[in-house]
Amino acid sequence: MKMSKMFVQTLREYPSDAEVISHKMLGRAGYIKKLAPGIYTFMPLMWRVLKKIENIVREEMDNAGAQELLMPFVQPKELWEESGRWEVYGRELMRLKDRHDRDMCLGPTHEEIITSVARDVLKSYKQLPVNLYQIQSKFRDEIRPRYGLLRGREFIMKDAYSFDLDETGLDREYQNMACAYKKIFDRCGLKTKMVQSDSGAIGGSVSHEFMVITDTDAGENDVFYCNNCDYSANSNHAVSNLVDTVIDGKDYFKETKIIDTPSTHSIEELSRFLNIPDTLILKTLVYIIDKKPVLALIRADKAVEETKLMNAAGGIDIRIASSAEIAELMAEKGFDAIPGFIGPKGMKDIKIIADETVRDMKNFVVGINQTDKHMAGANLTDLGIDNIDYADIRLVQQGELCPQCGEPLHVTKGIEVGNIFKLGTKYSKPMNAVYTDVNGKTHPYVMGCYGIGISRTAAAAVEAHYDEHGIKWPITIAPYHVVIVPVNINDELQMKTAEKMYQDLQSAGIEVVLDDRDERAGVKFKDADLIGFPFRVTVGKTISDGFVEYKIRETGIQKQYTPDQAVKKLIDIINAVK
RNA sequence: CGGGAUGUAGCGCAGCUUGGUAGCGCACCUCGCUUGGGACGAGGGGGUCGCACGUUCAAAUCGUGUCAUCCCGACCA
């Protein structure tokens, strides 16, 4: 490719709307162009990167025994009604009507479609197991798209679905996919952690996510992990053992009584006012889950993990209540209290979920729905309520102890580039997708699903490989391997040498760009660094002594070689990695 | 949907307070000069100032409304 003809425009500045490294780099280097929030054009350089990642994914999926197909992007409502998700999926599902006024949606994921395809074909146990995958654009109408390709609304995804006879088969395929995923991300130059995760709206029982850990803090997930054993989990799923602390207030409160606690609107103010540790306070938070208020009770030094709470309540939508909604709830129950003094007392027909750790609290301080008052030395039995459900709704905090080995847990940001789910019969059962066994009996398929964000993986690779000058693509996914920069295109010897190397590399199957633009050397160097070619060959004045300069983007190492040596070196290195 | 900000040329921005010819840098075109880390000089093309209504002799500028975008909180590949 001649640089003078390449459809790319690099910018002198980073796009003003970009926050994270990958968005800044990909925007400035001309890889992506935004059309609408979360919707991007993949320019030729970007598309080459994405195709490289796709092909790595294809090779490993095929090696793992999966078969590629391609399902429709626009889907009819009927299938989504069969699975029950038309109602459940929420506003991320982009719904539209066709000219006949039929309800359709843009595919955010393809469980419904693949299940309907499979049930028409897979009739017998003899045909199982099967694993089918596709690579395709997905559309999710995210509440707030951001971070460029890390959270687009339209994005490219590989999604695979497995069909097995039973749980044993699913377990085997799950492991098979976990193994394939590790190879895929390794080949893309990404170090990943496989972490336990909540299974979310897609549903199912067990799931793991593949997280890229970078030092750019771009990830949207908090990952807890143990350095001593292999435990690691997304914060929405992580569990921990607590460090011992005082949770019985008997030394502070001799009796149970209502006390004045004026203007203690926060836990901090309350614990300071009473001069007690916050571990002796029971915090009450009001959430709105599926439009209904739910009280969450938790020890005041801990935070609620909303996904856990939502799951415990059996809901699909959760948010913290507004102060207006809290006021409404108080009025409805005949109380007059503002946030800071809310408690479970008198909340008869409201769902109340207490964290497991609340069971162990004794003689604590709790709000009783009276402004400027709390009950001290209280126990839940004193409050006259029996409608409390216990569940783990606690957000793990750094330093708490690993559930497996008891060592302190650490936390880091992670970018989720892939995940694997055990779906079981969640879709096959309601959609009547069954096979006939050896005895002539029918059973629903036992399914798994396995996703990889292709475009997100590309962005994650930038987060993991960059410096102040630009991107440093791993060779395996770089848009081109080499750029040849003749310093002065009007110098005949330089240009002739560059052209020759360009031809030689090309005929050896190396993907090479010749920067034949009539620009000053500085401009070409800046662009080469920004775009992130793994190798640069500069043909400058030293060519009169027979040497060109060879430079590795990743390490910055540079050496002098004759043109022939440089060509040979590049061919050897690149072929070894490919 | 809450809270904050911004809409002026492809990109980055000034101008608005105090209404009066729409500007700067980059990019683009022409000529000259230059060629190892985003040169320089001269000339040139390109804008319904987000949109609507209002105030005014006159609106990018003032007022009202509206739309869009971005950032902070609930989603997930």
# chains A, B, ... in the order shown; residues from 1 in each chain; ligands from 1
call {"tool": "interface_residues", "arguments": {"of": "chain B", "to": "chain A", "cutoff": "10 Å", "atoms": "only C-alpha atoms (C1' of nucleotides)", "output": "MDAnalysis selection string"}}
result
chainID B and resid 1:2 11:12 26:27 34:39 69:71 73:77
call {"tool": "write_last_selection", "arguments": {"atoms": "N, CA and C atoms (P, O5', C5', C4', C3', O3' and C1' of nucleotides)", "output": "short mmCIF file (atom, residue, chain, number, x, y, z; two decimals), in the first residue's frame"}}
result
data_model
loop_
_atom_site.label_atom_id
_atom_site.label_comp_id
_atom_site.auth_asym_id
_atom_site.auth_seq_id
_atom_site.Cartn_x
_atom_site.Cartn_y
_atom_site.Cartn_z
P C B 1 -35.99 11.79 28.83
"O5'" C B 1 -35.70 11.40 30.36
"C5'" C B 1 -36.63 10.66 31.13
"C4'" C B 1 -36.04 10.39 32.49
"C3'" C B 1 -35.19 11.50 33.08
"O3'" C B 1 -36.00 12.51 33.66
"C1'" C B 1 -34.09 9.42 33.40
P G B 2 -35.36 13.96 33.96
"O5'" G B 2 -34.67 13.64 35.36
"C5'" G B 2 -34.16 14.70 36.14
"C4'" G B 2 -33.27 14.18 37.22
"C3'" G B 2 -31.97 14.94 37.37
"O3'" G B 2 -32.13 16.12 38.12
"C1'" G B 2 -31.49 12.65 37.26
P C B 11 -15.73 18.11 12.16
"O5'" C B 11 -14.24 18.13 12.69
"C5'" C B 11 -13.57 16.92 13.02
"C4'" C B 11 -12.20 17.22 13.59
"C3'" C B 11 -12.18 18.21 14.75
"O3'" C B 11 -12.48 17.59 15.98
"C1'" C B 11 -10.56 18.84 13.17
P G B 12 -13.21 18.45 17.11
"O5'" G B 12 -12.08 19.47 17.57
"C5'" G B 12 -10.92 18.97 18.23
"C4'" G B 12 -9.99 20.12 18.55
"C3'" G B 12 -10.63 21.29 19.29
"O3'" G B 12 -10.76 21.05 20.67
"C1'" G B 12 -9.29 22.10 17.52
P C B 26 -1.27 26.81 10.71
"O5'" C B 26 -1.93 25.37 10.85
"C5'" C B 26 -1.29 24.37 11.63
"C4'" C B 26 -2.16 23.14 11.70
"C3'" C B 26 -2.49 22.47 10.36
"O3'" C B 26 -1.43 21.67 9.87
"C1'" C B 26 -4.44 22.63 11.67
P A B 27 -1.20 21.53 8.31
"O5'" A B 27 -2.56 20.85 7.82
"C5'" A B 27 -2.84 19.48 8.10
"C4'" A B 27 -4.18 19.10 7.55
"C3'" A B 27 -4.37 19.38 6.06
"O3'" A B 27 -3.83 18.35 5.26
"C1'" A B 27 -6.23 20.21 7.24
P U B 34 15.55 25.10 -1.53
"O5'" U B 34 14.98 24.40 -0.21
"C5'" U B 34 15.38 24.87 1.07
"C4'" U B 34 14.60 24.15 2.14
"C3'" U B 34 14.83 22.64 2.21
"O3'" U B 34 16.00 22.33 2.94
"C1'" U B 34 12.52 23.09 2.32
P U B 35 16.86 21.08 2.48
"O5'" U B 35 16.06 19.84 3.10
"C5'" U B 35 15.76 19.83 4.50
"C4'" U B 35 14.90 18.63 4.82
"C3'" U B 35 15.58 17.30 4.50
"O3'" U B 35 15.28 16.36 5.51
"C1'" U B 35 13.52 17.45 3.37
P G B 36 16.45 15.98 6.59
"O5'" G B 36 15.62 14.89 7.41
"C5'" G B 36 14.47 15.28 8.18
"C4'" G B 36 14.54 14.61 9.53
"C3'" G B 36 15.72 15.07 10.38
"O3'" G B 36 15.35 15.00 11.75
"C1'" G B 36 15.90 12.77 9.97
P G B 37 14.48 16.11 12.42
"O5'" G B 37 13.05 15.44 12.19
"C5'" G B 37 11.88 16.24 11.96
"C4'" G B 37 10.85 15.92 13.00
"C3'" G B 37 11.18 16.41 14.40
"O3'" G B 37 9.97 16.78 15.03
"C1'" G B 37 10.84 14.10 14.45
P G B 38 9.48 18.32 14.61
"O5'" G B 38 8.55 18.00 13.37
"C5'" G B 38 7.40 17.22 13.55
"C4'" G B 38 6.38 17.62 12.52
"C3'" G B 38 5.84 19.04 12.71
"O3'" G B 38 5.42 19.48 11.43
"C1'" G B 38 4.09 17.49 12.97
P A B 39 6.40 20.33 10.54
"O5'" A B 39 6.28 21.78 11.14
"C5'" A B 39 6.16 22.88 10.28
"C4'" A B 39 7.49 23.60 10.18
"C3'" A B 39 7.36 24.97 9.58
"O3'" A B 39 6.96 25.91 10.56
"C1'" A B 39 9.11 23.80 8.53
P U B 69 -27.32 12.83 20.21
"O5'" U B 69 -25.92 13.45 20.63
"C5'" U B 69 -24.88 13.59 19.66
"C4'" U B 69 -23.77 14.43 20.21
"C3'" U B 69 -23.15 13.92 21.52
"O3'" U B 69 -22.21 12.89 21.30
"C1'" U B 69 -23.56 16.24 21.69
P C B 70 -22.03 11.79 22.43
"O5'" C B 70 -21.17 12.56 23.51
"C5'" C B 70 -19.85 12.99 23.20
"C4'" C B 70 -19.32 13.85 24.32
"C3'" C B 70 -19.36 13.22 25.70
"O3'" C B 70 -18.30 12.32 25.93
"C1'" C B 70 -20.17 15.43 25.82
P C B 71 -18.54 11.12 26.96
"O5'" C B 71 -18.41 11.85 28.37
"C5'" C B 71 -17.18 12.43 28.76
"C4'" C B 71 -17.34 13.14 30.09
"C3'" C B 71 -17.96 12.31 31.21
"O3'" C B 71 -17.02 11.47 31.84
"C1'" C B 71 -19.04 14.39 31.11
P G B 73 -19.52 7.45 36.93
"O5'" G B 73 -20.83 7.48 37.84
"C5'" G B 73 -21.30 6.29 38.47
"C4'" G B 73 -22.67 6.51 39.03
"C3'" G B 73 -23.77 5.57 38.54
"O3'" G B 73 -23.86 4.39 39.32
"C1'" G B 73 -24.49 7.80 38.28
P A B 74 -23.50 3.00 38.69
"O5'" A B 74 -24.92 2.49 38.18
"C5'" A B 74 -25.39 1.15 38.49
"C4'" A B 74 -26.83 1.04 38.06
"C3'" A B 74 -27.06 0.27 36.75
"O3'" A B 74 -27.34 -1.11 37.00
"C1'" A B 74 -28.10 2.40 36.64
P C B 75 -26.77 -2.24 36.07
"O5'" C B 75 -27.45 -1.89 34.67
"C5'" C B 75 -28.09 -2.91 33.92
"C4'" C B 75 -27.79 -2.78 32.46
"C3'" C B 75 -26.95 -3.91 31.85
"O3'" C B 75 -27.73 -5.03 31.48
"C1'" C B 75 -26.08 -1.83 31.15
P C B 76 -27.14 -6.48 31.76
"O5'" C B 76 -25.85 -6.52 30.83
"C5'" C B 76 -25.88 -7.21 29.60
"C4'" C B 76 -24.73 -6.79 28.75
"C3'" C B 76 -23.51 -7.71 28.78
"O3'" C B 76 -23.66 -8.80 27.90
"C1'" C B 76 -22.82 -5.45 28.96
P A B 77 -22.56 -10.00 27.89
"O5'" A B 77 -21.56 -9.55 26.75
"C5'" A B 77 -21.06 -10.52 25.86
"C4'" A B 77 -19.79 -10.00 25.24
"C3'" A B 77 -18.89 -9.29 26.23
"O3'" A B 77 -18.01 -10.23 26.82
"C1'" A B 77 -19.16 -7.99 24.25
#
call {"tool": "select_by_dssp", "arguments": {"residues": "segment 280-360 of chain A", "states": "helix (DSSP H, G or I)", "output": "list in words"}}
result
Leu280, Glu306, Thr307, Lys308, Leu309, Met310, Asn311, Ala312, Ser323, Ala324, Glu325, Ile326, Ala327, Glu328, Leu329, Met330, Ala331, Glu332, Glu356, Thr357, Val358, Arg359 and Asp360 of chain A
call {"tool": "closest_atom_pairs", "arguments": {"of": "segment 239-348 of chain A", "to": "segment 384-393 of chain A", "cutoff": "8 Å", "atoms": "only C-alpha atoms", "output": "Markdown table"}}
result
| residue | atom | partner | partner_atom | distance |
| --- | --- | --- | --- | --- |
| A:Val304 | CA | A:Ile393 | CA | 5.7 |
| A:Glu305 | CA | A:Ile393 | CA | 5.5 |
| A:Glu306 | CA | A:Ile393 | CA | 7.3 |
| A:Lys308 | CA | A:Ile393 | CA | 5.0 |
| A:Leu309 | CA | A:Ile393 | CA | 5.0 |
| A:Ala312 | CA | A:Ala391 | CA | 6.4 |
| A:Pro344 | CA | A:Ile385 | CA | 7.7 |
| A:Lys345 | CA | A:Ile385 | CA | 6.8 |
| A:Gly346 | CA | A:Ile385 | CA | 7.0 |
| A:Met347 | CA | A:Ile385 | CA | 7.5 |
| A:Lys348 | CA | A:Ile385 | CA | 6.8 |
call {"tool": "residues_around", "arguments": {"residues": "Tyr161 of chain A", "least_positions_apart": "2", "cutoff": "6 Å", "atoms": "only C-alpha atoms (C1' of nucleotides)", "output": "mmCIF file with C-alpha atoms, in the first residue's frame"}}
result
data_model
loop_
_atom_site.group_PDB
_atom_site.id
_atom_site.type_symbol
_atom_site.label_atom_id
_atom_site.label_comp_id
_atom_site.auth_asym_id
_atom_site.auth_seq_id
_atom_site.Cartn_x
_atom_site.Cartn_y
_atom_site.Cartn_z
ATOM 1 C CA ASN A 131 -21.303 -25.636 18.564
ATOM 2 C CA LEU A 132 -22.313 -22.859 16.135
ATOM 3 C CA GLY A 448 -23.982 -22.727 26.489
ATOM 4 C CA CYS A 449 -23.137 -19.405 24.915
#
call {"tool": "closest_residue", "arguments": {"among": "A:Ala433, A:Leu295, A:Ala464, A:Ile53", "to": "Glu82 of chain A", "atoms": "only C-alpha atoms"}}
result
A:Ala433
call {"tool": "closest_residue", "arguments": {"among": "B:G32, B:A52, B:C72, B:G63", "to": "G4 of chain B", "atoms": "only C-alpha atoms (C1' of nucleotides)"}}
result
B:C72
call {"tool": "residues_around", "arguments": {"residues": "Glu328 of chain A", "least_positions_apart": "6", "cutoff": "12 Å", "atoms": "only C-alpha atoms (C1' of nucleotides)", "output": "JSON, numbers by chain"}}
result
{"A": [286, 293, 321, 322, 334, 335, 336, 337, 338, 339]}
call {"tool": "write_last_selection", "arguments": {"atoms": "N, CA and C atoms", "output": "tab-separated table (two decimals), in the first residue's frame"}}
result
chain	number	residue	atom	x	y	z
A	286	VAL	N	-32.93	2.57	50.15
A	286	VAL	CA	-34.16	2.31	49.40
A	286	VAL	C	-33.81	2.22	47.92
A	293	PRO	N	-40.49	-0.37	45.42
A	293	PRO	CA	-39.45	-0.08	46.42
A	293	PRO	C	-38.99	-1.35	47.15
A	321	ALA	N	-33.45	4.77	44.89
A	321	ALA	CA	-34.65	5.61	44.90
A	321	ALA	C	-34.26	7.07	44.99
A	322	SER	N	-35.05	7.91	44.37
A	322	SER	CA	-34.82	9.35	44.49
A	322	SER	C	-35.37	9.81	45.83
A	334	GLY	N	-46.99	6.17	56.68
A	334	GLY	CA	-47.36	6.98	57.83
A	334	GLY	C	-46.17	7.47	58.66
A	335	PHE	N	-45.01	7.54	58.02
A	335	PHE	CA	-43.84	8.06	58.75
A	335	PHE	C	-43.49	9.44	58.24
A	336	ASP	N	-42.67	10.10	59.06
A	336	ASP	CA	-42.20	11.42	58.67
A	336	ASP	C	-40.69	11.45	58.89
A	337	ALA	N	-39.95	10.90	57.94
A	337	ALA	CA	-38.51	10.82	58.11
A	337	ALA	C	-37.81	11.13	56.80
A	338	ILE	N	-36.65	11.74	56.92
A	338	ILE	CA	-35.88	12.05	55.74
A	338	ILE	C	-34.71	11.06	55.65
A	339	PRO	N	-34.10	10.94	54.48
A	339	PRO	CA	-32.97	10.03	54.34
A	339	PRO	C	-31.92	10.30	55.42
